[in-house]
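Chemist: Starting off with a structure, shown below.
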Amino acid sequence: MGRLSRRALLLGSGAIVGWLSAKAFAPTLADLTGTRSLQHEPAAGTLNDASFLSETPVSAHVIVTEDPGEVLVDILRSEMREAASEGRSVNIGAARHSMGGQAIPRGGRALTLQSSFIEVDSAARTYRVQAGVRWHQVIAALDPLGLSPKVMQSNNDFGVAATFCVNAHGWPAPLGPMGSTVRSFEMLLPTGDHVTCSRDENPDLFTRTMGGYGLTGLITEMVVDAAPNANLVPTFTEMPAVDFAAGLATALAKPDLNMVYGRLNVDRARFFEDALLIDYVPDDDQEEISEASTSGPLSKISRHIFRGQLGRERIKRARWWVETALGPKVGGGVVTRNSLINEPVVTLDDRDPARTDILHEYFVAPDRFGEFLTLCQTVIPASYQELLNVTLRYVASDTESWLSYAPQPRIAAVMLFSQEMTARAEADMARMTRALIDGIIAIGGTYYLPYRPHATVGQLRRGYPRAVEFAVEKRAQDPAGRLRNNLWDSYLRHL
Ligand SMILES: Cc1cc2nc3c(=O)[nH]c(=O)nc-3n(C[C@H](O)[C@H](O)[C@H](O)COP(=O)(O)OP(=O)(O)OC[C@H]3O[C@@H](n4cnc5c(N)ncnc54)[C@H](O)[C@@H]3O)c2cc1C
C-alpha cells in the first residue's frame, strides 16, 4: 500500500490530499501560483515559486487539507518527526508568491496548507481560519455578513498565515501591516509543542512569528480582526510626484478615510515625475451593499495596455492617460470595499514564457520621499529592466515584529518589473536591486524581504536592525535548524 493511502486510512479521508513527488505536483503548482503555463513548471524533485527563478530540490511536497484540530496538529507533528529522522528541514508555504525561496526548504519537506475552514464571529468582528486559507475564501465568507478583511495585500490569492509571516500590508488606511490585525494563532514548535500565541500568551513568540517567514513554527490556525464592508467612493488627484507625501497627508487627515493608494508615471520621458493619488471614503448611501465582485472594469481593460507597455514608451504614456483621465470616469463610481480587494494576481498575467514579473518594494519616511524619487530616477533607467508599474501605499508604524520594515510610518513603493528569463537579465536585476537597496538604506528606509534574494547579507543586516537578534533567538529555539527556507539559508544563517 502506498504511503498516501496508509496515511489517509490512519488519519481519516482528506487528511492529506497528496503525498506527491515534485514531478507529480507540477500541474498543481501552476494552480497554486495561478499565473503560469506549463513551460514554467519545476523539474522532478524540485519546487519553484512565483518568480520561476527559484527552482529548489525538495525531498517531498505534502499538501495538508485538514481543518483545525488535533488531527491537523498530529499530521504536522509527524511531518516534523519524519524530517528530524531524515535530518531534513520543514517549511510551510501557501501560494508561494514570495519570489526567493522563502517558502521552500532546500532538500527538505515542503508543506502546503489548504482548507476552506472559516468561522466568523460577527459580534466580535473576528474570524478563525485554518492557516492555509486564502483571502478570496475569507472575502467570500465575510462579504454576506457585511464584513471585510481589515488588512490584506492588494490581491486575493495569498494565504492568511503566509500574509502574517511576511507581515504584509495593503491599502486599507490608516493602518499598519496585517500583523496588527491578528488576535492570536496556534503554532507547532520545533520541539513538538503546540502553543497559543497572542499579545498576552507567549507574546515574544507572537511578535517573532509576525513577519518571521515561518522560521519560528508551523502555524495551524489564526484569529484575525475583520472590518465593516462599505460602499466607497473614490477621489482621484493628479499631482507632481514630489508632492505625493503632502497629498497623502491630506488624504490621511480625512476622518473617514477607508482606503488609499497612489501611482507613479513610468514613461521614461516623465519617469517618476507625476503621481496619482486615489483615496476612498464611505459613500453617503450605505443602504444596499452589492455582493463582492472581482476584477473591476478598469483592471480588465487595462491588461492589454499594461502588457503593451513592454518596450513601448507611447503605450506607457497612453496608460498614464487611461489612469488619470479615463480611470476617474470609468472607475470613478461607488464600489464596495470587498470588491476593491477581491482581485486575483492572474488579472495582469503576462502569459509570456520568456519573461517573468518581478516585484520590488521599498519603504521610505514620507519626508524623504523626494530623495527616494531621485534615487529611482538615477538607478532604474540606467538598467536594462522594464518597469511597468509603481503603486504607492501608506503603512502605519509597526513596533511589534522583530523584522519590521516600518518602525515609523512609511510610504511603500511596490514596483513591478518584467524581467527576461536570461542569466544576463538576472545579473542586471541583481546589480540594480543592490543599488536601490543601498540608496534606500542611506535615506533611512528599507526594502521588502519576500522578493528576489539579490540583497547582500550586509544590506539585510543594515535594513533590518533586529535581524541579528532574530537569528540568535532562532538558533536557541531551533538548534537543529528544523525550520528552514532560503531566507534562513542565504541570509539569517550568516548573521
Ligand atoms: C502580485 C503580487 C502582489 C503583492 N502585493 C503585495 C501587497 O500588496 N502588500 C504586501 O505586503 N505584499 C505583497 N506581495 C508580497 C506577498 O505578500 C508575499 O509574497 C506573500 O508571501 C504572499 O503570500 P503567499 O501565500 O504566496 O506566501 P508564501 O510565499 O507561500 O509564504 C510566505 C512565507 O510565509 C511562511 N508561511 C506560510 N504559511 C505558513 C504557516 N502556516 N506557518 C508558518 N509559516 C508559514 C512561508 O514559510 C514563507 O516564509 C505581493 C506579491 C505578489 C506576487
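In the C-alpha cells, chains take letters A, B, ... by order of appearance, with residues numbered from 1 within each chain and ligands from 1 in the order shown.
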Near A:Thr336, within 12 Å and counting only C-alpha atoms, which residues show up once chain neighbours fewer than 2 positions away are dropped, as an NGL selection string?
Modeler: :A and (139 or 143 or 146-148 or 228-234 or 258-259 or 280-283 or 285-286 or 288-294 or 296 or 333-334 or 338-342)
Chemist: Please identify the residues whose atoms come within 6 Å of ligand 1, using only C-alpha atoms and all ligand atoms, and report them as a tab-separated table (two decimals) with C-alpha atoms, in the first residue's frame.
Modeler:
chain	number	residue	atom	x	y	z
A	91	ASN	CA	8.72	24.64	5.75
A	92	ILE	CA	5.08	25.54	5.12
A	93	GLY	CA	4.03	27.59	2.11
A	94	ALA	CA	0.66	28.81	0.85
A	95	ALA	CA	0.52	30.39	-2.64
A	96	ARG	CA	4.36	30.60	-2.90
A	97	HIS	CA	4.17	34.08	-4.32
A	98	SER	CA	7.26	35.00	-2.37
A	102	GLN	CA	11.20	31.97	1.29
A	103	ALA	CA	8.59	29.19	1.29
A	131	ALA	CA	-3.66	28.77	8.42
A	132	GLY	CA	-3.67	27.97	4.68
A	153	GLN	CA	-2.48	42.63	0.26
A	154	SER	CA	-3.78	44.10	-2.97
A	155	ASN	CA	-4.51	40.61	-4.38
A	158	PHE	CA	-2.34	34.71	-0.77
A	159	GLY	CA	-2.59	32.60	2.38
A	161	ALA	CA	-0.82	32.75	7.80
A	162	ALA	CA	1.63	33.44	4.97
A	163	THR	CA	0.48	37.06	4.98
A	165	CYS	CA	4.56	35.55	8.26
A	166	VAL	CA	5.69	38.25	5.81
A	168	ALA	CA	2.23	42.14	4.51
A	169	HIS	CA	0.45	45.45	4.21
A	170	GLY	CA	-2.36	46.59	1.97
A	213	TYR	CA	8.88	33.89	7.49
A	214	GLY	CA	7.82	30.59	9.06
A	217	GLY	CA	6.98	27.32	13.96
A	218	LEU	CA	4.19	25.87	11.84
A	219	ILE	CA	1.00	27.93	12.26
A	220	THR	CA	-2.12	25.77	12.23
A	345	VAL	CA	-2.97	38.14	-9.47
A	450	PRO	CA	9.65	38.33	0.23
Chemist: Compare A:Leu175, A:Leu276, A:Leu264, A:Ile63 by their minimum atom-to-atom distance to A:Leu388, counting only C-alpha atoms, and give me the closest one.
Modeler: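 Smallest separation from A:Leu388 among the options: A:Leu264.
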Chemist: Using DSSP assignments from the backbone, pull out every residue in stretch 8-239 of chain A that falls under alpha helix (DSSP H) and give it to me as a short mmCIF file (atom, residue, chain, number, x, y, z; two decimals) with N, CA and C atoms, in the first residue's frame.
Modeler:
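Contents of the output file part.cif:
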data_model
loop_
_atom_site.label_atom_id
_atom_site.label_comp_id
_atom_site.auth_asym_id
_atom_site.auth_seq_id
_atom_site.Cartn_x
_atom_site.Cartn_y
_atom_site.Cartn_z
N ALA A 8 -3.96 8.23 4.77
CA ALA A 8 -5.36 8.60 4.70
C ALA A 8 -6.19 7.67 5.58
N LEU A 9 -5.81 6.39 5.60
CA LEU A 9 -6.55 5.46 6.45
C LEU A 9 -6.33 5.78 7.92
N LEU A 10 -5.08 6.08 8.23
CA LEU A 10 -4.76 6.36 9.62
C LEU A 10 -5.44 7.63 10.13
N LEU A 11 -5.48 8.62 9.27
CA LEU A 11 -5.87 9.94 9.76
C LEU A 11 -7.24 10.40 9.29
N ALA A 22 7.70 15.94 -6.43
CA ALA A 22 7.60 17.28 -7.03
C ALA A 22 7.11 17.18 -8.47
N LYS A 23 7.45 16.07 -9.16
CA LYS A 23 7.01 15.94 -10.55
C LYS A 23 5.48 15.84 -10.61
N ALA A 24 4.95 14.96 -9.75
CA ALA A 24 3.50 14.81 -9.74
C ALA A 24 2.84 16.12 -9.35
N PHE A 25 3.56 16.91 -8.58
CA PHE A 25 2.98 18.15 -8.09
C PHE A 25 2.94 19.24 -9.15
N ALA A 26 3.77 19.08 -10.20
CA ALA A 26 3.96 20.20 -11.13
C ALA A 26 2.68 20.88 -11.61
N PRO A 27 1.67 20.14 -12.09
CA PRO A 27 0.50 20.86 -12.59
C PRO A 27 -0.20 21.66 -11.49
N THR A 28 -0.10 21.17 -10.27
CA THR A 28 -0.76 21.88 -9.18
C THR A 28 -0.05 23.20 -8.88
N LEU A 29 1.27 23.25 -9.10
CA LEU A 29 1.97 24.50 -8.82
C LEU A 29 1.41 25.62 -9.68
N ALA A 30 1.11 25.30 -10.93
CA ALA A 30 0.54 26.33 -11.79
C ALA A 30 -0.79 26.82 -11.19
N ASP A 31 -1.55 25.89 -10.62
CA ASP A 31 -2.81 26.30 -10.00
C ASP A 31 -2.53 27.19 -8.79
N LEU A 32 -1.55 26.77 -7.99
CA LEU A 32 -1.29 27.50 -6.75
C LEU A 32 -0.82 28.91 -7.04
N THR A 33 0.09 29.04 -8.00
CA THR A 33 0.58 30.37 -8.30
C THR A 33 -0.41 31.08 -9.20
N GLU A 70 -6.93 18.53 16.45
CA GLU A 70 -5.86 17.60 16.83
C GLU A 70 -5.26 16.86 15.64
N VAL A 71 -6.13 16.49 14.66
CA VAL A 71 -5.61 15.69 13.54
C VAL A 71 -4.61 16.53 12.74
N LEU A 72 -4.95 17.78 12.52
CA LEU A 72 -4.03 18.67 11.78
C LEU A 72 -2.70 18.76 12.52
N VAL A 73 -2.79 18.97 13.82
CA VAL A 73 -1.55 19.09 14.61
C VAL A 73 -0.75 17.79 14.53
N ASP A 74 -1.44 16.66 14.60
CA ASP A 74 -0.75 15.35 14.53
C ASP A 74 -0.05 15.17 13.19
N ILE A 75 -0.72 15.59 12.11
CA ILE A 75 -0.10 15.45 10.79
C ILE A 75 1.20 16.26 10.73
N LEU A 76 1.10 17.50 11.21
CA LEU A 76 2.29 18.35 11.13
C LEU A 76 3.39 17.84 12.07
N ARG A 77 2.95 17.34 13.22
CA ARG A 77 3.94 16.81 14.17
C ARG A 77 4.66 15.61 13.54
N SER A 78 3.91 14.77 12.84
CA SER A 78 4.56 13.60 12.25
C SER A 78 5.46 14.01 11.07
N GLU A 79 5.08 15.08 10.37
CA GLU A 79 5.96 15.60 9.31
C GLU A 79 7.28 16.08 9.92
N MET A 80 7.15 16.78 11.05
CA MET A 80 8.34 17.32 11.72
C MET A 80 9.23 16.16 12.20
N ARG A 81 8.56 15.12 12.75
CA ARG A 81 9.31 13.96 13.26
C ARG A 81 10.03 13.26 12.11
N GLU A 82 9.31 13.10 11.02
CA GLU A 82 9.88 12.41 9.86
C GLU A 82 11.08 13.20 9.32
N ALA A 83 10.93 14.51 9.25
CA ALA A 83 12.05 15.34 8.78
C ALA A 83 13.24 15.18 9.73
N ALA A 84 12.97 15.15 11.02
CA ALA A 84 14.05 15.01 12.00
C ALA A 84 14.77 13.68 11.80
N SER A 85 13.99 12.63 11.56
CA SER A 85 14.62 11.31 11.42
C SER A 85 15.47 11.24 10.14
N GLU A 86 15.12 12.08 9.15
CA GLU A 86 15.89 12.08 7.90
C GLU A 86 16.98 13.16 7.92
N TRP A 135 -7.19 34.54 0.83
CA TRP A 135 -8.01 35.74 1.05
C TRP A 135 -9.31 35.72 0.25
N HIS A 136 -9.31 35.12 -0.94
CA HIS A 136 -10.59 35.11 -1.69
C HIS A 136 -11.63 34.29 -0.93
N GLN A 137 -11.16 33.28 -0.18
CA GLN A 137 -12.10 32.49 0.63
C GLN A 137 -12.60 33.32 1.82
N VAL A 138 -11.69 34.09 2.40
CA VAL A 138 -12.09 34.94 3.54
C VAL A 138 -13.13 35.97 3.07
N ILE A 139 -12.86 36.60 1.93
CA ILE A 139 -13.80 37.62 1.42
C ILE A 139 -15.16 36.98 1.16
N ALA A 140 -15.14 35.78 0.55
CA ALA A 140 -16.42 35.10 0.25
C ALA A 140 -17.20 34.80 1.53
N ALA A 141 -16.50 34.50 2.61
CA ALA A 141 -17.19 34.20 3.88
C ALA A 141 -17.66 35.46 4.59
N LEU A 142 -16.86 36.52 4.52
CA LEU A 142 -17.20 37.74 5.27
C LEU A 142 -18.24 38.60 4.56
N VAL A 160 -3.54 33.28 4.52
CA VAL A 160 -3.68 34.18 5.67
C VAL A 160 -2.44 34.09 6.58
N ALA A 161 -2.01 32.86 6.94
CA ALA A 161 -0.82 32.75 7.80
C ALA A 161 0.42 33.24 7.07
N ALA A 162 0.48 32.98 5.76
CA ALA A 162 1.63 33.44 4.97
C ALA A 162 1.69 34.97 5.01
N THR A 163 0.53 35.60 4.93
CA THR A 163 0.48 37.06 4.98
C THR A 163 1.02 37.57 6.31
N PHE A 164 0.65 36.86 7.39
CA PHE A 164 1.15 37.22 8.72
C PHE A 164 2.67 36.99 8.79
N CYS A 165 3.13 35.90 8.16
CA CYS A 165 4.56 35.55 8.26
C CYS A 165 5.46 36.49 7.46
N VAL A 166 4.89 37.20 6.46
CA VAL A 166 5.69 38.25 5.81
C VAL A 166 5.26 39.62 6.38
N PRO A 203 3.93 36.24 24.23
CA PRO A 203 3.99 37.45 23.41
C PRO A 203 5.26 37.56 22.57
N ASP A 204 6.35 37.02 23.12
CA ASP A 204 7.61 37.09 22.39
C ASP A 204 7.56 36.27 21.09
N LEU A 205 6.95 35.11 21.21
CA LEU A 205 6.79 34.24 20.05
C LEU A 205 5.82 34.86 19.05
N PHE A 206 4.82 35.54 19.60
CA PHE A 206 3.82 36.21 18.75
C PHE A 206 4.52 37.24 17.85
N THR A 207 5.36 38.07 18.45
CA THR A 207 5.98 39.15 17.66
C THR A 207 7.14 38.65 16.79
N ARG A 208 7.76 37.55 17.19
CA ARG A 208 8.83 36.99 16.35
C ARG A 208 8.25 36.28 15.13
N THR A 209 7.06 35.71 15.31
CA THR A 209 6.42 34.98 14.20
C THR A 209 5.82 35.95 13.19
#
Chemist: Within 9 Å of A:Val457, counting only C-alpha atoms, which residues qualify if same-chain residues fewer than 5 places away don't, as a list of chain:residue names?
Modeler: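 Skipping anything fewer than 5 positions along the chain leaves A:Arg462, A:Ser490, A:Tyr491, A:Leu492, A:His494, A:Leu495.
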Chemist: Residues of the last selection are to be written out with C-alpha atoms, as a CSV table (one decimal), in the first residue's frame.
Modeler:
chain,number,residue,atom,x,y,z
A,462,ARG,CA,21.6,47.2,7.9
A,490,SER,CA,21.0,32.7,2.3
A,491,TYR,CA,20.8,35.4,4.9
A,492,LEU,CA,19.8,35.0,8.5
A,494,HIS,CA,25.1,34.1,8.3
A,495,LEU,CA,24.3,36.6,11.0
Chemist: Would you list the contacts of stretch 405-408 of chain A as a list in words, taking every protein, DNA or RNA residue within 9 Å and counting only C-alpha atoms, but skipping same-chain residues closer than 3 positions in sequence?
Modeler: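 That gives Gly176, Pro177, Tyr362, Phe363, Val364, Ala365, Val395, Ala396, Ser397, Asp398, Thr399, Glu400, Ser401, Ile411, Gly445, Thr446, Tyr447, Tyr448, Leu449, Gly463 and Tyr464 of chain A.
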Chemist: Considering only C-alpha atoms, state which residue in the set A:Ser59, A:Ser115, A:Thr378, A:Ser89 is at the smallest distance from A:Leu483.
Modeler: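 Under the stated criterion, the closest residue is A:Ser89.
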Chemist: So which residues touch A:Leu310 within 10 Å, counting only C-alpha atoms, skipping near sequence neighbours fewer than 4 positions away, as a PyMOL selection string?
Modeler: chain A and resi 305-306+315-316+386-388+417-418
Chemist: Just the number, please: distance in Å from atom CA of A:Leu403 to atom CA of A:Glu473, one decimal.
Modeler: 12.7 Å
Chemist: Just the number, please: distance in Å from atom CA of A:Gly87 to atom CA of A:Arg109, one decimal.
Modeler: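 The value is 10.6 Å.
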Chemist: Write out as JSON lines the residues of stretch 287-365 of chain A that have any atom within 12 Å of an atom of stretch 425-431 of chain A, one row each with the nearest atom pair and its distance in Å to one decimal, counting only C-alpha atoms, sorted by chain and then rising number.
Modeler:
{"residue": "A:Ala354", "atom": "CA", "partner": "A:Ala425", "partner_atom": "CA", "distance": 11.4}
{"residue": "A:Arg355", "atom": "CA", "partner": "A:Ala425", "partner_atom": "CA", "distance": 9.9}
{"residue": "A:Thr356", "atom": "CA", "partner": "A:Ala425", "partner_atom": "CA", "distance": 10.7}
{"residue": "A:Asp357", "atom": "CA", "partner": "A:Met429", "partner_atom": "CA", "distance": 11.8}
{"residue": "A:Ile358", "atom": "CA", "partner": "A:Met429", "partner_atom": "CA", "distance": 9.4}
{"residue": "A:Leu359", "atom": "CA", "partner": "A:Met429", "partner_atom": "CA", "distance": 11.0}
{"residue": "A:His360", "atom": "CA", "partner": "A:Met429", "partner_atom": "CA", "distance": 10.5}
Chemist: Save the residues we just selected, C-alpha atoms, as a compact mmCIF listing (two decimals), in the first residue's frame?
Modeler:
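So the final result, stored in result32.txt, reads:
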# COMPACT_ATOMS: atom_id res chain seq x y z
CA ALA A 354 10.32 34.16 -21.92
CA ARG A 355 9.70 36.73 -19.20
CA THR A 356 8.72 36.82 -15.55
CA ASP A 357 7.20 39.51 -13.34
CA ILE A 358 9.48 40.50 -10.51
CA LEU A 359 8.35 42.73 -7.69
CA HIS A 360 10.46 45.08 -5.60
Chemist: As a list in words, please: all residues of stretch 280-384 of chain A that backbone DSSP puts in strand (DSSP E or B).
Modeler: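 After running DSSP on the backbone, stretch 280-384 of chain A has strand (DSSP E or B) at Tyr280, Val281, Pro282, Val335, Thr336, Arg355, Thr356, Asp357, Ile358, Leu359, His360, Glu361, Tyr362, Phe363 and Val364 of chain A.
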Chemist: Residues as selected, N, CA and C atoms, written as a JSON list (two decimals), in the first residue's frame, can you do that?
Modeler:
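Result went into part-v7.json, see below:
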[["chain", "number", "residue", "atom", "x", "y", "z"],
["A", 280, "TYR", "N", -10.37, 56.62, -0.93],
["A", 280, "TYR", "CA", -11.75, 56.15, -0.86],
["A", 280, "TYR", "C", -12.34, 56.45, 0.51],
["A", 281, "VAL", "N", -13.51, 57.07, 0.52],
["A", 281, "VAL", "CA", -14.25, 57.29, 1.77],
["A", 281, "VAL", "C", -15.64, 56.67, 1.60],
["A", 282, "PRO", "N", -16.34, 56.40, 2.69],
["A", 282, "PRO", "CA", -17.68, 55.80, 2.56],
["A", 282, "PRO", "C", -18.64, 56.72, 1.79],
["A", 335, "VAL", "N", -18.03, 51.74, -5.20],
["A", 335, "VAL", "CA", -17.56, 50.36, -5.26],
["A", 335, "VAL", "C", -17.48, 49.84, -3.82],
["A", 336, "THR", "N", -17.69, 48.55, -3.64],
["A", 336, "THR", "CA", -17.61, 48.07, -2.26],
["A", 336, "THR", "C", -16.15, 47.80, -1.90],
["A", 355, "ARG", "N", 9.53, 35.65, -20.17],
["A", 355, "ARG", "CA", 9.70, 36.73, -19.20],
["A", 355, "ARG", "C", 9.03, 36.35, -17.89],
["A", 356, "THR", "N", 9.38, 37.05, -16.83],
["A", 356, "THR", "CA", 8.72, 36.82, -15.55],
["A", 356, "THR", "C", 8.52, 38.16, -14.85],
["A", 357, "ASP", "N", 7.45, 38.27, -14.09],
["A", 357, "ASP", "CA", 7.20, 39.51, -13.34],
["A", 357, "ASP", "C", 7.94, 39.45, -12.02],
["A", 358, "ILE", "N", 8.72, 40.46, -11.76],
["A", 358, "ILE", "CA", 9.48, 40.50, -10.51],
["A", 358, "ILE", "C", 9.09, 41.77, -9.76],
["A", 359, "LEU", "N", 8.72, 41.58, -8.51],
["A", 359, "LEU", "CA", 8.35, 42.73, -7.69],
["A", 359, "LEU", "C", 9.54, 43.18, -6.85],
["A", 360, "HIS", "N", 9.54, 44.48, -6.58],
["A", 360, "HIS", "CA", 10.46, 45.08, -5.60],
["A", 360, "HIS", "C", 9.57, 45.92, -4.69],
["A", 361, "GLU", "N", 10.01, 46.14, -3.49],
["A", 361, "GLU", "CA", 9.25, 47.09, -2.67],
["A", 361, "GLU", "C", 10.20, 47.79, -1.70],
["A", 362, "TYR", "N", 9.99, 49.09, -1.58],
["A", 362, "TYR", "CA", 10.84, 49.92, -0.72],
["A", 362, "TYR", "C", 9.96, 50.74, 0.20],
["A", 363, "PHE", "N", 10.47, 50.96, 1.42],
["A", 363, "PHE", "CA", 9.71, 51.69, 2.44],
["A", 363, "PHE", "C", 10.51, 52.92, 2.83],
["A", 364, "VAL", "N", 9.86, 54.07, 2.74],
["A", 364, "VAL", "CA", 10.58, 55.32, 2.97],
["A", 364, "VAL", "C", 9.72, 56.25, 3.84]]
Chemist: Atom CA of A:Ala60 and atom CA of A:Thr46, how far apart in Å?
Modeler: 8.6 Å
Chemist: Give me, as a Markdown table, the closest atom pair and its distance (Å, one decimal) for every residue of stretch 345-446 of chain A within a cut-off of 10 Å of stretch 246-249 of chain A, counting only C-alpha atoms, rows sorted by chain and rising number.
Modeler:
| residue | atom | partner | partner_atom | distance |
| --- | --- | --- | --- | --- |
| A:Pro366 | CA | A:Ala246 | CA | 8.2 |
| A:Asp367 | CA | A:Ala246 | CA | 8.8 |
| A:Phe369 | CA | A:Ala246 | CA | 10.0 |
| A:Leu392 | CA | A:Leu248 | CA | 9.8 |
| A:Arg393 | CA | A:Leu248 | CA | 9.0 |
| A:Tyr394 | CA | A:Leu248 | CA | 7.9 |
| A:Ile411 | CA | A:Leu248 | CA | 9.1 |
